[in-house]
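Notes to accompany the following structure.
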Amino acid sequence: MIDGNTGQNALSQVKAFDDALQLTGLIVTKLDGTAKGGVLAAIALWARERQAASPDLGPVPVYFIGVGEKLEDLETFNARICPGLAGLSLPPEGNT
């Protein structure tokens, strides 16, 4: 789970978690704030570079985004509505 308000620091956190655990997916919270999710573009670029450098590593899908403070404010992330974020894969069928 990554805080979308931390900007580029969120990318550093993603890289650190990936180095330690080999990420299999993300939840990005606080996208209703002022950051507006710009970090998703940086994570998408990193995910493309990661997979190009290590084809044996799978994609890193964003499963959910948080757009509020309540559990009901978690929404399934749909990369299809954000073509510029193509590096963020869709979760495998049945895993959302």
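So you can find residues: chains in the structure tokens are A, B, ... in the order shown, residues in each start at 1, and ligands are numbered from 1 in order.
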>> Write out as a ChimeraX atom specification the set of residues from stretch 16-53 of chain A that DSSP, computed on the backbone, places in strand (DSSP E).
In response: /A:26-29
Pick out the residues sitting within 12 Å of A:Lys15, and hand them over as an mmCIF file with N, CA and C atoms, in the first residue's frame; count only C-alpha atoms, and ignore anything fewer than 2 positions along from it in its own chain.
data_model
loop_
_atom_site.group_PDB
_atom_site.id
_atom_site.type_symbol
_atom_site.label_atom_id
_atom_site.label_comp_id
_atom_site.auth_asym_id
_atom_site.auth_seq_id
_atom_site.Cartn_x
_atom_site.Cartn_y
_atom_site.Cartn_z
ATOM 1 N N ILE A 2 0.647 2.122 -0.931
ATOM 2 C CA ILE A 2 1.460 3.322 -1.098
ATOM 3 C C ILE A 2 0.566 4.553 -0.941
ATOM 4 N N GLN A 8 7.222 11.581 -5.285
ATOM 5 C CA GLN A 8 8.298 10.716 -5.747
ATOM 6 C C GLN A 8 8.838 9.810 -4.651
ATOM 7 N N ASN A 9 8.608 10.167 -3.386
ATOM 8 C CA ASN A 9 9.015 9.289 -2.294
ATOM 9 C C ASN A 9 8.261 7.962 -2.365
ATOM 10 N N ALA A 10 7.042 7.990 -2.894
ATOM 11 C CA ALA A 10 6.276 6.754 -3.050
ATOM 12 C C ALA A 10 7.010 5.800 -3.992
ATOM 13 N N LEU A 11 7.622 6.337 -5.035
ATOM 14 C CA LEU A 11 8.385 5.487 -5.952
ATOM 15 C C LEU A 11 9.567 4.852 -5.228
ATOM 16 N N SER A 12 10.230 5.601 -4.376
ATOM 17 C CA SER A 12 11.337 5.041 -3.592
ATOM 18 C C SER A 12 10.837 3.916 -2.695
ATOM 19 N N GLN A 13 9.659 4.091 -2.119
ATOM 20 C CA GLN A 13 9.074 3.056 -1.270
ATOM 21 C C GLN A 13 8.730 1.806 -2.084
ATOM 22 N N PHE A 17 10.330 -1.854 -1.353
ATOM 23 C CA PHE A 17 9.497 -3.032 -1.102
ATOM 24 C C PHE A 17 9.747 -4.100 -2.159
ATOM 25 N N ASP A 18 9.908 -3.690 -3.404
ATOM 26 C CA ASP A 18 10.148 -4.663 -4.465
ATOM 27 C C ASP A 18 11.486 -5.373 -4.265
ATOM 28 N N ASP A 19 12.512 -4.617 -3.880
ATOM 29 C CA ASP A 19 13.810 -5.236 -3.620
ATOM 30 C C ASP A 19 13.711 -6.278 -2.513
ATOM 31 N N ALA A 20 12.916 -5.983 -1.496
ATOM 32 C CA ALA A 20 12.796 -6.889 -0.350
ATOM 33 C C ALA A 20 11.831 -8.041 -0.603
ATOM 34 N N LEU A 21 10.741 -7.784 -1.337
ATOM 35 C CA LEU A 21 9.657 -8.760 -1.394
ATOM 36 C C LEU A 21 9.224 -9.190 -2.792
ATOM 37 N N GLN A 22 9.758 -8.567 -3.835
ATOM 38 C CA GLN A 22 9.284 -8.783 -5.204
ATOM 39 C C GLN A 22 7.771 -8.572 -5.273
ATOM 40 N N LEU A 23 7.391 -7.331 -5.423
ATOM 41 C CA LEU A 23 5.977 -6.945 -5.422
ATOM 42 C C LEU A 23 5.159 -7.721 -6.436
ATOM 43 N N LEU A 26 -0.132 -3.505 -6.099
ATOM 44 C CA LEU A 26 -0.153 -2.304 -5.267
ATOM 45 C C LEU A 26 -1.572 -1.835 -4.999
ATOM 46 N N ALA A 42 5.099 7.642 -12.688
ATOM 47 C CA ALA A 42 6.466 7.224 -12.348
ATOM 48 C C ALA A 42 6.521 5.735 -12.044
ATOM 49 N N ILE A 43 5.516 5.218 -11.359
ATOM 50 C CA ILE A 43 5.482 3.787 -11.058
ATOM 51 C C ILE A 43 5.305 2.982 -12.342
ATOM 52 N N TRP A 46 8.670 2.864 -14.053
ATOM 53 C CA TRP A 46 9.537 1.946 -13.315
ATOM 54 C C TRP A 46 9.135 0.498 -13.589
ATOM 55 N N ALA A 47 7.820 0.212 -13.605
ATOM 56 C CA ALA A 47 7.348 -1.159 -13.828
ATOM 57 C C ALA A 47 7.779 -1.668 -15.203
ATOM 58 N N GLU A 49 10.420 -0.612 -16.960
ATOM 59 C CA GLU A 49 11.875 -0.802 -16.900
ATOM 60 C C GLU A 49 12.224 -2.053 -16.112
ATOM 61 N N ARG A 50 11.525 -2.294 -15.033
ATOM 62 C CA ARG A 50 11.755 -3.484 -14.192
ATOM 63 C C ARG A 50 11.538 -4.751 -14.997
ATOM 64 N N VAL A 60 3.479 -5.472 -12.171
ATOM 65 C CA VAL A 60 3.074 -4.985 -10.858
ATOM 66 C C VAL A 60 1.738 -4.257 -11.026
#
> Could you pull out all residues of stretch 27-85 of chain A with a DSSP call of alpha helix (DSSP H) and give them as a ChimeraX atom specification?
Replying inline: /A:39-53
Got time to write the residues from that selection, N, CA and C atoms, as a JSON list (two decimals), in the first residue's frame?
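Dumped everything to result.json:
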[["chain", "number", "residue", "atom", "x", "y", "z"],
["A", 39, "VAL", "N", 2.22, 10.14, -9.17],
["A", 39, "VAL", "CA", 3.19, 9.08, -8.90],
["A", 39, "VAL", "C", 2.87, 7.83, -9.71],
["A", 40, "LEU", "N", 1.61, 7.63, -10.12],
["A", 40, "LEU", "CA", 1.27, 6.46, -10.92],
["A", 40, "LEU", "C", 2.05, 6.43, -12.23],
["A", 41, "ALA", "N", 2.30, 7.60, -12.81],
["A", 41, "ALA", "CA", 3.08, 7.66, -14.05],
["A", 41, "ALA", "C", 4.52, 7.20, -13.79],
["A", 42, "ALA", "N", 5.10, 7.64, -12.69],
["A", 42, "ALA", "CA", 6.47, 7.22, -12.35],
["A", 42, "ALA", "C", 6.52, 5.74, -12.04],
["A", 43, "ILE", "N", 5.52, 5.22, -11.36],
["A", 43, "ILE", "CA", 5.48, 3.79, -11.06],
["A", 43, "ILE", "C", 5.30, 2.98, -12.34],
["A", 44, "ALA", "N", 4.50, 3.49, -13.28],
["A", 44, "ALA", "CA", 4.30, 2.79, -14.55],
["A", 44, "ALA", "C", 5.61, 2.70, -15.32],
["A", 45, "LEU", "N", 6.36, 3.79, -15.37],
["A", 45, "LEU", "CA", 7.65, 3.78, -16.06],
["A", 45, "LEU", "C", 8.61, 2.81, -15.38],
["A", 46, "TRP", "N", 8.67, 2.86, -14.05],
["A", 46, "TRP", "CA", 9.54, 1.95, -13.32],
["A", 46, "TRP", "C", 9.14, 0.50, -13.59],
["A", 47, "ALA", "N", 7.82, 0.21, -13.60],
["A", 47, "ALA", "CA", 7.35, -1.16, -13.83],
["A", 47, "ALA", "C", 7.78, -1.67, -15.20],
["A", 48, "ARG", "N", 7.70, -0.80, -16.23],
["A", 48, "ARG", "CA", 8.16, -1.19, -17.58],
["A", 48, "ARG", "C", 9.65, -1.49, -17.57],
["A", 49, "GLU", "N", 10.42, -0.61, -16.96],
["A", 49, "GLU", "CA", 11.87, -0.80, -16.90],
["A", 49, "GLU", "C", 12.22, -2.05, -16.11],
["A", 50, "ARG", "N", 11.53, -2.29, -15.03],
["A", 50, "ARG", "CA", 11.76, -3.48, -14.19],
["A", 50, "ARG", "C", 11.54, -4.75, -15.00],
["A", 51, "GLN", "N", 10.43, -4.80, -15.74],
["A", 51, "GLN", "CA", 10.11, -6.00, -16.49],
["A", 51, "GLN", "C", 11.06, -6.19, -17.68],
["A", 52, "ALA", "N", 11.52, -5.07, -18.28],
["A", 52, "ALA", "CA", 12.47, -5.17, -19.39],
["A", 52, "ALA", "C", 13.82, -5.70, -18.90],
["A", 53, "ALA", "N", 14.22, -5.28, -17.70],
["A", 53, "ALA", "CA", 15.50, -5.70, -17.15],
["A", 53, "ALA", "C", 15.45, -7.13, -16.61]]
>> Using Å and a single decimal, report how far atom CA of A:Gly33 sits from atom CA of A:Glu69.
In response: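 Calculated distance between atom CA of A:Glu69 and atom CA of A:Gly33 is 10.7 Å.
For the residues A:Phe77, A:Gly38, A:Ser54, A:Thr24, ranking by smallest atom-to-atom distance to A:Gly4 using only C-alpha atoms places A:Gly38 first.
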>> Using only C-alpha atoms, can you tell me which of A:Pro55, A:Ala16, A:Gly7, A:Met1 comes closest to A:Leu74?
In response: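 Closest residue, counting only C-alpha atoms: A:Met1.
Here the question is which of A:Leu71, A:Val14, A:Ala79, A:Ile65 gets nearest to A:Leu31 using only C-alpha atoms, and that residue is A:Ile65.
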